[in-house]
$ cat final.tsv   # TSV, C-alpha atoms
chain	number	residue	atom	x	y	z
A	1	MET	CA	121.49	115.31	107.19
A	2	SER	CA	119.60	112.78	105.06
A	3	ARG	CA	119.74	112.05	101.34
A	4	VAL	CA	116.18	112.25	99.99
A	5	LEU	CA	114.59	111.41	96.62
A	6	VAL	CA	111.08	112.77	95.91
A	7	THR	CA	108.99	111.74	92.91
A	8	GLY	CA	106.37	114.08	91.46
A	9	ALA	CA	108.51	116.91	92.80
A	10	ALA	CA	107.84	119.57	90.18
A	11	SER	CA	104.59	120.81	91.74
A	12	GLY	CA	101.98	120.32	94.44
A	13	LEU	CA	102.82	118.26	97.51
A	14	GLY	CA	106.05	117.02	95.93
A	15	ALA	CA	107.42	120.55	95.52
A	16	ALA	CA	106.28	121.46	99.04
A	17	LEU	CA	108.03	118.40	100.48
A	18	VAL	CA	111.24	119.25	98.61
A	19	ALA	CA	111.16	122.79	100.00
A	20	ARG	CA	110.58	121.50	103.53
A	21	PHE	CA	113.38	118.93	103.35
A	22	VAL	CA	115.81	121.50	101.93
A	23	ALA	CA	114.86	124.02	104.62
A	24	ASP	CA	115.64	121.36	107.22
A	25	GLY	CA	119.13	120.92	105.77
A	26	HIS	CA	118.73	117.68	103.82
A	27	GLN	CA	120.11	116.83	100.38
A	28	VAL	CA	117.24	116.34	97.97
A	29	LEU	CA	117.00	114.88	94.48
A	30	SER	CA	113.83	116.17	92.78
A	31	THR	CA	112.35	113.92	90.11
A	32	ASP	CA	109.41	114.29	87.77
A	33	VAL	CA	108.31	113.49	84.23
A	34	GLY	CA	109.30	116.78	82.59
A	35	PRO	CA	112.16	119.27	82.56
A	36	ASP	CA	112.75	121.34	85.68
A	37	GLY	CA	115.05	124.18	86.65
A	38	SER	CA	115.90	122.94	90.13
A	39	ALA	CA	119.15	121.21	90.97
A	40	PRO	CA	119.75	118.43	91.52
A	41	TYR	CA	116.96	117.13	89.29
A	42	LEU	CA	116.42	113.89	87.40
A	43	LYS	CA	113.72	113.01	84.89
A	44	LEU	CA	111.76	110.06	86.27
A	45	ASP	CA	108.55	108.65	84.86
A	46	VAL	CA	107.30	106.23	87.52
A	47	ARG	CA	105.92	103.99	84.75
A	48	ASN	CA	109.38	103.51	83.24
A	49	GLN	CA	111.66	100.90	84.83
A	50	ALA	CA	114.70	102.32	83.05
A	51	ASP	CA	114.11	105.67	84.75
A	52	TRP	CA	114.01	103.94	88.14
A	53	ASP	CA	117.24	102.09	87.38
A	54	ALA	CA	118.86	105.41	86.44
A	55	ALA	CA	117.67	106.99	89.70
A	56	VAL	CA	119.21	104.18	91.77
A	57	ALA	CA	122.47	104.53	89.84
A	58	TRP	CA	122.48	108.32	90.35
A	59	CYS	CA	122.01	107.97	94.11
A	60	GLU	CA	124.75	105.35	94.39
A	61	ASN	CA	127.23	107.16	92.15
A	62	THR	CA	126.58	110.69	93.44
A	63	TRP	CA	125.69	110.19	97.09
A	64	GLY	CA	126.87	106.67	97.79
A	65	GLY	CA	123.31	105.64	98.71
A	66	LEU	CA	119.92	107.01	99.78
A	67	ASP	CA	118.24	107.53	103.14
A	68	ILE	CA	114.62	108.46	102.30
A	69	LEU	CA	112.59	107.53	99.21
A	70	VAL	CA	109.35	109.52	98.86
A	71	ASN	CA	106.99	107.87	96.36
A	72	ASN	CA	104.77	110.88	95.84
A	73	ALA	CA	103.95	111.03	92.10
A	74	GLY	CA	100.31	110.50	91.24
A	75	ILE	CA	97.25	111.68	89.35
A	76	ALA	CA	93.64	112.42	90.29
A	77	THR	CA	90.89	110.32	88.82
A	78	GLY	CA	87.45	109.01	89.60
A	79	GLY	CA	83.99	108.38	88.32
A	80	ARG	CA	81.00	106.09	88.49
A	81	ILE	CA	81.79	102.43	87.91
A	82	ASP	CA	79.64	102.25	84.76
A	83	VAL	CA	81.01	105.50	83.31
A	84	GLU	CA	84.76	105.53	83.94
A	85	THR	CA	86.52	103.53	81.22
A	86	LEU	CA	88.88	100.59	81.65
A	87	ASP	CA	91.61	102.61	79.94
A	88	GLU	CA	91.27	105.17	82.75
A	89	TRP	CA	91.56	102.36	85.29
A	90	ASP	CA	94.72	101.08	83.58
A	91	ARG	CA	96.27	104.55	83.66
A	92	VAL	CA	95.67	105.25	87.34
A	93	VAL	CA	96.75	101.75	88.39
A	94	ASP	CA	99.97	102.11	86.38
A	95	ILE	CA	100.85	105.51	87.88
A	96	ASN	CA	99.36	105.64	91.39
A	97	LEU	CA	99.85	102.02	92.43
A	98	MET	CA	102.43	100.37	90.19
A	99	GLY	CA	104.54	103.56	90.24
A	100	VAL	CA	104.89	103.09	94.00
A	101	VAL	CA	105.55	99.36	93.60
A	102	ARG	CA	108.31	100.06	91.05
A	103	GLY	CA	109.92	102.62	93.35
A	104	CYS	CA	109.96	100.22	96.28
A	105	ARG	CA	111.33	97.40	94.17
A	106	ALA	CA	114.03	99.65	92.74
A	107	PHE	CA	115.41	100.92	96.05
A	108	VAL	CA	114.78	98.07	98.51
A	109	PRO	CA	117.90	96.13	97.38
A	110	LEU	CA	119.99	99.25	98.09
A	111	PHE	CA	118.34	99.74	101.48
A	112	LYS	CA	118.97	96.09	102.35
A	113	ARG	CA	122.66	96.42	101.47
A	114	GLN	CA	122.85	99.56	103.59
A	115	ARG	CA	120.88	97.92	106.42
A	116	SER	CA	119.00	101.22	106.61
A	117	GLY	CA	116.49	103.29	104.68
A	118	TYR	CA	113.08	104.90	104.84
A	119	ILE	CA	110.20	104.55	102.36
A	120	VAL	CA	107.46	107.19	102.43
A	121	ASN	CA	104.46	106.44	100.19
A	122	THR	CA	101.88	109.12	99.44
A	123	ALA	CA	98.43	107.54	99.46
A	124	SER	CA	95.30	109.51	100.40
A	125	ALA	CA	92.46	109.58	102.89
A	126	ALA	CA	90.72	107.72	100.05
A	127	GLY	CA	92.97	104.79	100.91
A	128	LEU	CA	91.38	104.60	104.37
A	129	VAL	CA	87.79	105.74	103.72
A	130	HIS	CA	86.05	105.11	100.44
A	131	PRO	CA	83.64	107.76	99.14
A	132	PRO	CA	81.24	106.82	96.32
A	133	MET	CA	81.98	107.67	92.69
A	134	MET	CA	85.73	107.22	93.24
A	135	SER	CA	86.21	103.49	92.67
A	136	SER	CA	89.48	103.64	90.77
A	137	TYR	CA	91.12	106.25	93.00
A	138	ASN	CA	89.97	104.56	96.21
A	139	THR	CA	91.22	101.20	94.96
A	140	VAL	CA	94.74	102.30	94.06
A	141	LYS	CA	95.18	104.38	97.22
A	142	ALA	CA	93.94	101.51	99.39
A	143	GLY	CA	96.50	99.39	97.57
A	144	VAL	CA	99.26	101.84	98.52
A	145	VAL	CA	98.13	101.68	102.16
A	146	ALA	CA	98.17	97.86	102.07
A	147	LEU	CA	101.58	97.77	100.36
A	148	SER	CA	103.01	100.17	102.93
A	149	GLU	CA	101.76	98.17	105.89
A	150	THR	CA	103.07	94.96	104.35
A	151	LEU	CA	106.52	96.43	103.76
A	152	SER	CA	106.64	97.99	107.23
A	153	HIS	CA	106.65	94.45	108.63
A	154	GLU	CA	108.59	92.76	105.83
A	155	LEU	CA	111.49	95.23	105.87
A	156	HIS	CA	111.71	95.84	109.62
A	157	PRO	CA	114.38	93.14	110.11
A	158	CYS	CA	116.45	94.94	107.44
A	159	GLY	CA	116.44	98.27	109.30
A	160	VAL	CA	114.02	99.90	106.83
A	161	ASN	CA	111.14	102.09	108.04
A	162	VAL	CA	107.95	102.68	106.04
A	163	SER	CA	105.37	105.46	106.33
A	164	VAL	CA	102.17	106.06	104.38
A	165	VAL	CA	100.68	109.54	104.00
A	166	CYS	CA	96.89	109.90	103.84
A	167	PRO	CA	95.68	113.51	103.42
A	168	SER	CA	92.22	114.63	102.41
A	169	PHE	CA	91.69	117.35	99.78
A	170	PHE	CA	94.15	120.25	99.76
A	171	ARG	CA	94.91	123.01	97.28
A	172	THR	CA	97.23	121.86	94.51
A	173	ASN	CA	97.35	121.55	90.73
A	174	LEU	CA	96.37	117.86	91.04
A	175	ALA	CA	93.00	118.75	89.56
A	176	ASP	CA	94.75	119.44	86.24
A	177	SER	CA	95.39	115.70	85.91
A	178	ILE	CA	91.66	114.89	86.03
A	179	ARG	CA	90.39	113.66	82.72
A	180	GLY	CA	88.00	110.97	81.70
A	181	ALA	CA	84.51	109.98	80.72
A	182	ASP	CA	82.74	110.98	83.93
A	183	SER	CA	83.00	114.75	83.57
A	184	ALA	CA	80.36	115.39	86.26
A	185	MET	CA	82.43	113.61	88.92
A	186	GLY	CA	85.62	115.24	87.64
A	187	ALA	CA	84.09	118.68	88.13
A	188	THR	CA	83.12	117.79	91.70
A	189	ALA	CA	86.63	116.59	92.52
A	190	ARG	CA	88.16	119.75	91.05
A	191	GLN	CA	85.90	121.91	93.21
A	192	LEU	CA	86.85	120.00	96.38
A	193	ILE	CA	90.56	120.38	95.62
A	194	GLU	CA	90.49	124.03	94.64
A	195	LYS	CA	88.23	125.19	97.50
A	196	SER	CA	90.08	123.40	100.30
A	197	PRO	CA	91.37	125.69	103.09
A	198	ARG	CA	94.59	123.65	103.27
A	199	SER	CA	97.66	124.22	101.12
A	200	ALA	CA	100.37	121.79	100.01
A	201	ASP	CA	102.78	123.58	102.36
A	202	ASP	CA	100.43	122.93	105.30
A	203	ILE	CA	100.34	119.21	104.49
A	204	ALA	CA	104.09	118.97	103.86
A	205	ALA	CA	104.94	120.44	107.26
A	206	VAL	CA	102.90	117.79	109.07
A	207	VAL	CA	104.21	115.00	106.84
A	208	VAL	CA	107.86	115.82	107.51
A	209	ALA	CA	107.13	116.06	111.24
A	210	GLY	CA	105.57	112.60	111.05
A	211	ILE	CA	108.60	111.25	109.18
A	212	ASN	CA	110.90	112.67	111.84
A	213	LYS	CA	108.88	110.75	114.45
A	214	LYS	CA	108.87	107.60	112.25
A	215	ARG	CA	105.09	107.35	112.33
A	216	HIS	CA	103.81	104.62	110.04
A	217	LEU	CA	100.39	106.16	109.35
A	218	ILE	CA	100.55	109.91	108.77
A	219	ILE	CA	97.11	111.56	108.53
A	220	PRO	CA	98.05	115.22	108.20
A	221	ASP	CA	94.71	117.04	108.45
A	222	GLN	CA	91.64	117.04	110.65
A	223	PRO	CA	88.98	116.13	108.04
A	224	ALA	CA	90.94	112.99	107.12
A	225	ARG	CA	91.39	112.06	110.79
A	226	VAL	CA	87.70	112.58	111.55
A	227	ALA	CA	86.64	110.43	108.59
A	228	TYR	CA	89.11	107.68	109.53
A	229	TRP	CA	88.04	107.48	113.17
A	230	THR	CA	84.34	107.78	112.32
A	231	LYS	CA	84.66	104.73	110.08
A	232	ARG	CA	86.50	102.80	112.79
A	233	LEU	CA	84.42	103.79	115.81
A	234	ALA	CA	80.99	104.81	114.46
A	235	ARG	CA	80.42	102.72	111.36
A	236	PRO	CA	76.64	103.36	111.09
A	237	VAL	CA	77.29	107.12	111.05
A	238	TYR	CA	80.03	106.67	108.44
A	239	ASP	CA	77.76	104.57	106.21
A	240	TRP	CA	74.93	107.13	106.53
A	241	GLN	CA	77.28	109.95	105.54
A	242	MET	CA	78.66	108.07	102.52
A	243	ARG	CA	75.18	107.16	101.26
A	244	LYS	CA	74.10	110.77	101.67
A	245	VAL	CA	77.10	111.82	99.56
A	246	ALA	CA	76.15	109.21	96.96
A	247	ALA	CA	72.55	110.44	96.77
A	248	ARG	CA	73.65	114.05	96.24
A	249	ALA	CA	76.22	113.03	93.63
A	250	HIS	CA	73.67	110.97	91.70
A	251	ALA	CA	71.26	113.90	91.71
A	252	ARG	CA	73.96	116.29	90.43
A	253	ALA	CA	75.02	113.84	87.73
A	254	GLU	CA	71.46	113.36	86.53
A	255	ARG	CA	70.89	117.11	86.34
A	256	ALA	CA	74.13	117.52	84.40
A	257	THR	CA	73.15	114.92	81.79
A	258	GLN	CA	69.57	116.08	81.22
A	259	PRO	CA	69.08	118.36	78.20
A	260	GLU	CA	67.99	121.88	78.93
A	261	THR	CA	64.29	122.53	78.46
A	262	GLN	CA	63.77	124.99	75.65
A	263	PRO	CA	60.82	127.43	75.83
A	264	GLU	CA	58.08	126.63	73.38
A	265	THR	CA	57.71	128.94	70.40
A	266	PRO	CA	54.16	130.29	70.30
A	267	SER	CA	52.17	129.63	67.18
A	268	PRO	CA	51.18	132.59	64.98
A	269	ASP	CA	47.68	132.63	66.42
A	270	GLY	CA	49.03	132.76	69.99
A	271	ARG	CA	48.20	129.17	70.95
$ encode --input "final.tsv" --output "structure tokens"
Amino acid sequence: MSRVLVTGAASGLGAALVARFVADGHQVLSTDVGPDGSAPYLKLDVRNQADWDAAVAWCENTWGGLDILVNNAGIATGGRIDVETLDEWDRVVDINLMGVVRGCRAFVPLFKRQRSGYIVNTASAAGLVHPPMMSSYNTVKAGVVALSETLSHELHPCGVNVSVVCPSFFRTNLADSIRGADSAMGATARQLIEKSPRSADDIAAVVVAGINKKRHLIIPDQPARVAYWTKRLARPVYDWQMRKVAARAHARAERATQPETQPETPSPDGR
């Protein structure tokens, strides 16, 4: 039985992971930014270092340590480079990338003292393949992938394993976090999330199976795997597909920003 801490655990993939870990007999500390009825639960804003310090103290005082840290909290964002604002960039970097960095920094000293531990970072297929109109999201998720690979080597002598999770779109309330200047791209992302045939429970089951096998790169669904291997093995096809996506997205965005044509009012003499 492992002791597990999950961030962003109140909904979506975080809640599904908590349910899966509990069903498998593990002890789980759920954390999120707001109040929650589950127990045990701890308020943890991944932007707040004091919250991370409190989480480490809770694990040491209550459990005597931690076995698995799941850095799962995150938001959805995106937009064209000339439309999405720098404030939006700052927000997603602070939550999706620096939130993971803070979590790793907070718990690695404990894992080193234990000579054991497991870090699981939720990234995205967008960390491996980089669709157009998603610069900020692609950038932070690629950063999480790079951080995870770095730590997998850096912490191996300390007995610490690292996995990174890279799913494509699946049904969750993540779309509720989309806000920003590029409303056309936000609407497209929401549609992709809400119309996916995959649920958070589907993704969580594959993720936990990958953790049990200590896989470093966990790609839990077929569309993400196809995109990843197409980029690696058939780059011209990948580039053609991405540019086709970009052309369609530009066309949709232009239609969305053009004013509607109003019918002309005929003059009194019919002309």
$ residues_near_point --input "final.tsv" --point "(121.9, 113.8, 111.8)" --cutoff "12 Å" --atoms "all atoms listed in the file" --output "JSON list (two decimals) with C-alpha atoms, in the coordinates of the input"
[["chain", "number", "residue", "atom", "x", "y", "z"],
["A", 1, "MET", "CA", 121.49, 115.31, 107.19],
["A", 2, "SER", "CA", 119.60, 112.78, 105.06],
["A", 3, "ARG", "CA", 119.74, 112.05, 101.34],
["A", 24, "ASP", "CA", 115.64, 121.36, 107.22],
["A", 25, "GLY", "CA", 119.13, 120.92, 105.77],
["A", 26, "HIS", "CA", 118.73, 117.68, 103.82],
["A", 27, "GLN", "CA", 120.11, 116.83, 100.38],
["A", 67, "ASP", "CA", 118.24, 107.53, 103.14],
["A", 212, "ASN", "CA", 110.90, 112.67, 111.84]]
$ atom_distance --input "final.tsv" --atom1 "atom CA of A:Leu13" --atom2 "atom CA of A:Asn72"
7.8 Å
$ axis_aligned_box --input "final.tsv" --around "stretch 159-164 of chain A" --padding-each-side "6 Å" --output "JSON"
{"center_x": 109.3, "center_y": 102.2, "center_z": 106.8, "size_x": 26.3, "size_y": 19.8, "size_z": 16.9}
$ closest_residue --input "final.tsv" --among "A:Ile81, A:Val140, A:Ala125, A:Leu110" --to "A:Ile95" --atoms "all atoms listed in the file"
A:Val140
$ atom_distance --input "final.tsv" --atom1 "atom CA of A:Ala55" --atom2 "atom CA of A:Ala126"
28.9 Å
$ closest_residue --input "final.tsv" --among "A:Val129, A:Val208, A:Ser148, A:Ala253" --to "A:Arg225" --atoms "only C-alpha atoms"
A:Val129
$ atom_distance --input "final.tsv" --atom1 "atom CA of A:Thr7" --atom2 "atom CA of A:Asp45"
8.6 Å
$ residues_around --input "final.tsv" --residues "A:Val162" --least-positions-apart "3" --cutoff "12 Å" --atoms "all atoms listed in the file" --output "JSON, numbers by chain"
{"A": [67, 68, 69, 70, 71, 104, 108, 111, 116, 117, 118, 119, 120, 121, 122, 144, 145, 146, 147, 148, 149, 150, 151, 152, 153, 154, 155, 156, 158, 159, 165, 210, 211, 212, 213, 214, 215, 216, 217, 218]}
$ write_last_selection --input "final.tsv" --atoms "C-alpha atoms" --output "PDB file, keeping the file's coordinate frame"
ATOM      1  CA  ASP A  67     118.240 107.530 103.140  1.00  0.00           C
ATOM      2  CA  ILE A  68     114.620 108.460 102.300  1.00  0.00           C
ATOM      3  CA  LEU A  69     112.590 107.530  99.210  1.00  0.00           C
ATOM      4  CA  VAL A  70     109.350 109.520  98.860  1.00  0.00           C
ATOM      5  CA  ASN A  71     106.990 107.870  96.360  1.00  0.00           C
ATOM      6  CA  CYS A 104     109.960 100.220  96.280  1.00  0.00           C
ATOM      7  CA  VAL A 108     114.780  98.070  98.510  1.00  0.00           C
ATOM      8  CA  PHE A 111     118.340  99.740 101.480  1.00  0.00           C
ATOM      9  CA  SER A 116     119.000 101.220 106.610  1.00  0.00           C
ATOM     10  CA  GLY A 117     116.490 103.290 104.680  1.00  0.00           C
ATOM     11  CA  TYR A 118     113.080 104.900 104.840  1.00  0.00           C
ATOM     12  CA  ILE A 119     110.200 104.550 102.360  1.00  0.00           C
ATOM     13  CA  VAL A 120     107.460 107.190 102.430  1.00  0.00           C
ATOM     14  CA  ASN A 121     104.460 106.440 100.190  1.00  0.00           C
ATOM     15  CA  THR A 122     101.880 109.120  99.440  1.00  0.00           C
ATOM     16  CA  VAL A 144      99.260 101.840  98.520  1.00  0.00           C
ATOM     17  CA  VAL A 145      98.130 101.680 102.160  1.00  0.00           C
ATOM     18  CA  ALA A 146      98.170  97.860 102.070  1.00  0.00           C
ATOM     19  CA  LEU A 147     101.580  97.770 100.360  1.00  0.00           C
ATOM     20  CA  SER A 148     103.010 100.170 102.930  1.00  0.00           C
ATOM     21  CA  GLU A 149     101.760  98.170 105.890  1.00  0.00           C
ATOM     22  CA  THR A 150     103.070  94.960 104.350  1.00  0.00           C
ATOM     23  CA  LEU A 151     106.520  96.430 103.760  1.00  0.00           C
ATOM     24  CA  SER A 152     106.640  97.990 107.230  1.00  0.00           C
ATOM     25  CA  HIS A 153     106.650  94.450 108.630  1.00  0.00           C
ATOM     26  CA  GLU A 154     108.590  92.760 105.830  1.00  0.00           C
ATOM     27  CA  LEU A 155     111.490  95.230 105.870  1.00  0.00           C
ATOM     28  CA  HIS A 156     111.710  95.840 109.620  1.00  0.00           C
ATOM     29  CA  CYS A 158     116.450  94.940 107.440  1.00  0.00           C
ATOM     30  CA  GLY A 159     116.440  98.270 109.300  1.00  0.00           C
ATOM     31  CA  VAL A 165     100.680 109.540 104.000  1.00  0.00           C
ATOM     32  CA  GLY A 210     105.570 112.600 111.050  1.00  0.00           C
ATOM     33  CA  ILE A 211     108.600 111.250 109.180  1.00  0.00           C
ATOM     34  CA  ASN A 212     110.900 112.670 111.840  1.00  0.00           C
ATOM     35  CA  LYS A 213     108.880 110.750 114.450  1.00  0.00           C
ATOM     36  CA  LYS A 214     108.870 107.600 112.250  1.00  0.00           C
ATOM     37  CA  ARG A 215     105.090 107.350 112.330  1.00  0.00           C
ATOM     38  CA  HIS A 216     103.810 104.620 110.040  1.00  0.00           C
ATOM     39  CA  LEU A 217     100.390 106.160 109.350  1.00  0.00           C
ATOM     40  CA  ILE A 218     100.550 109.910 108.770  1.00  0.00           C
TER      41      ILE A 218
END
$ closest_residue --input "final.tsv" --among "A:Gly99, A:Pro40, A:Gly8, A:Pro132" --to "A:Arg243" --atoms "all atoms listed in the file"
A:Pro132
$ closest_residue --input "final.tsv" --among "A:Val237, A:Ala200, A:Val101, A:Ala15" --to "A:Tyr41" --atoms "all atoms listed in the file"
A:Ala15
$ closest_residue --input "final.tsv" --among "A:Asn61, A:Ile203, A:Glu88, A:Thr139" --to "A:Arg20" --atoms "all atoms listed in the file"
A:Ile203
$ closest_residue --input "final.tsv" --among "A:Ala142, A:Val100, A:Val22, A:Ala249" --to "A:Trp52" --atoms "all atoms listed in the file"
A:Val100
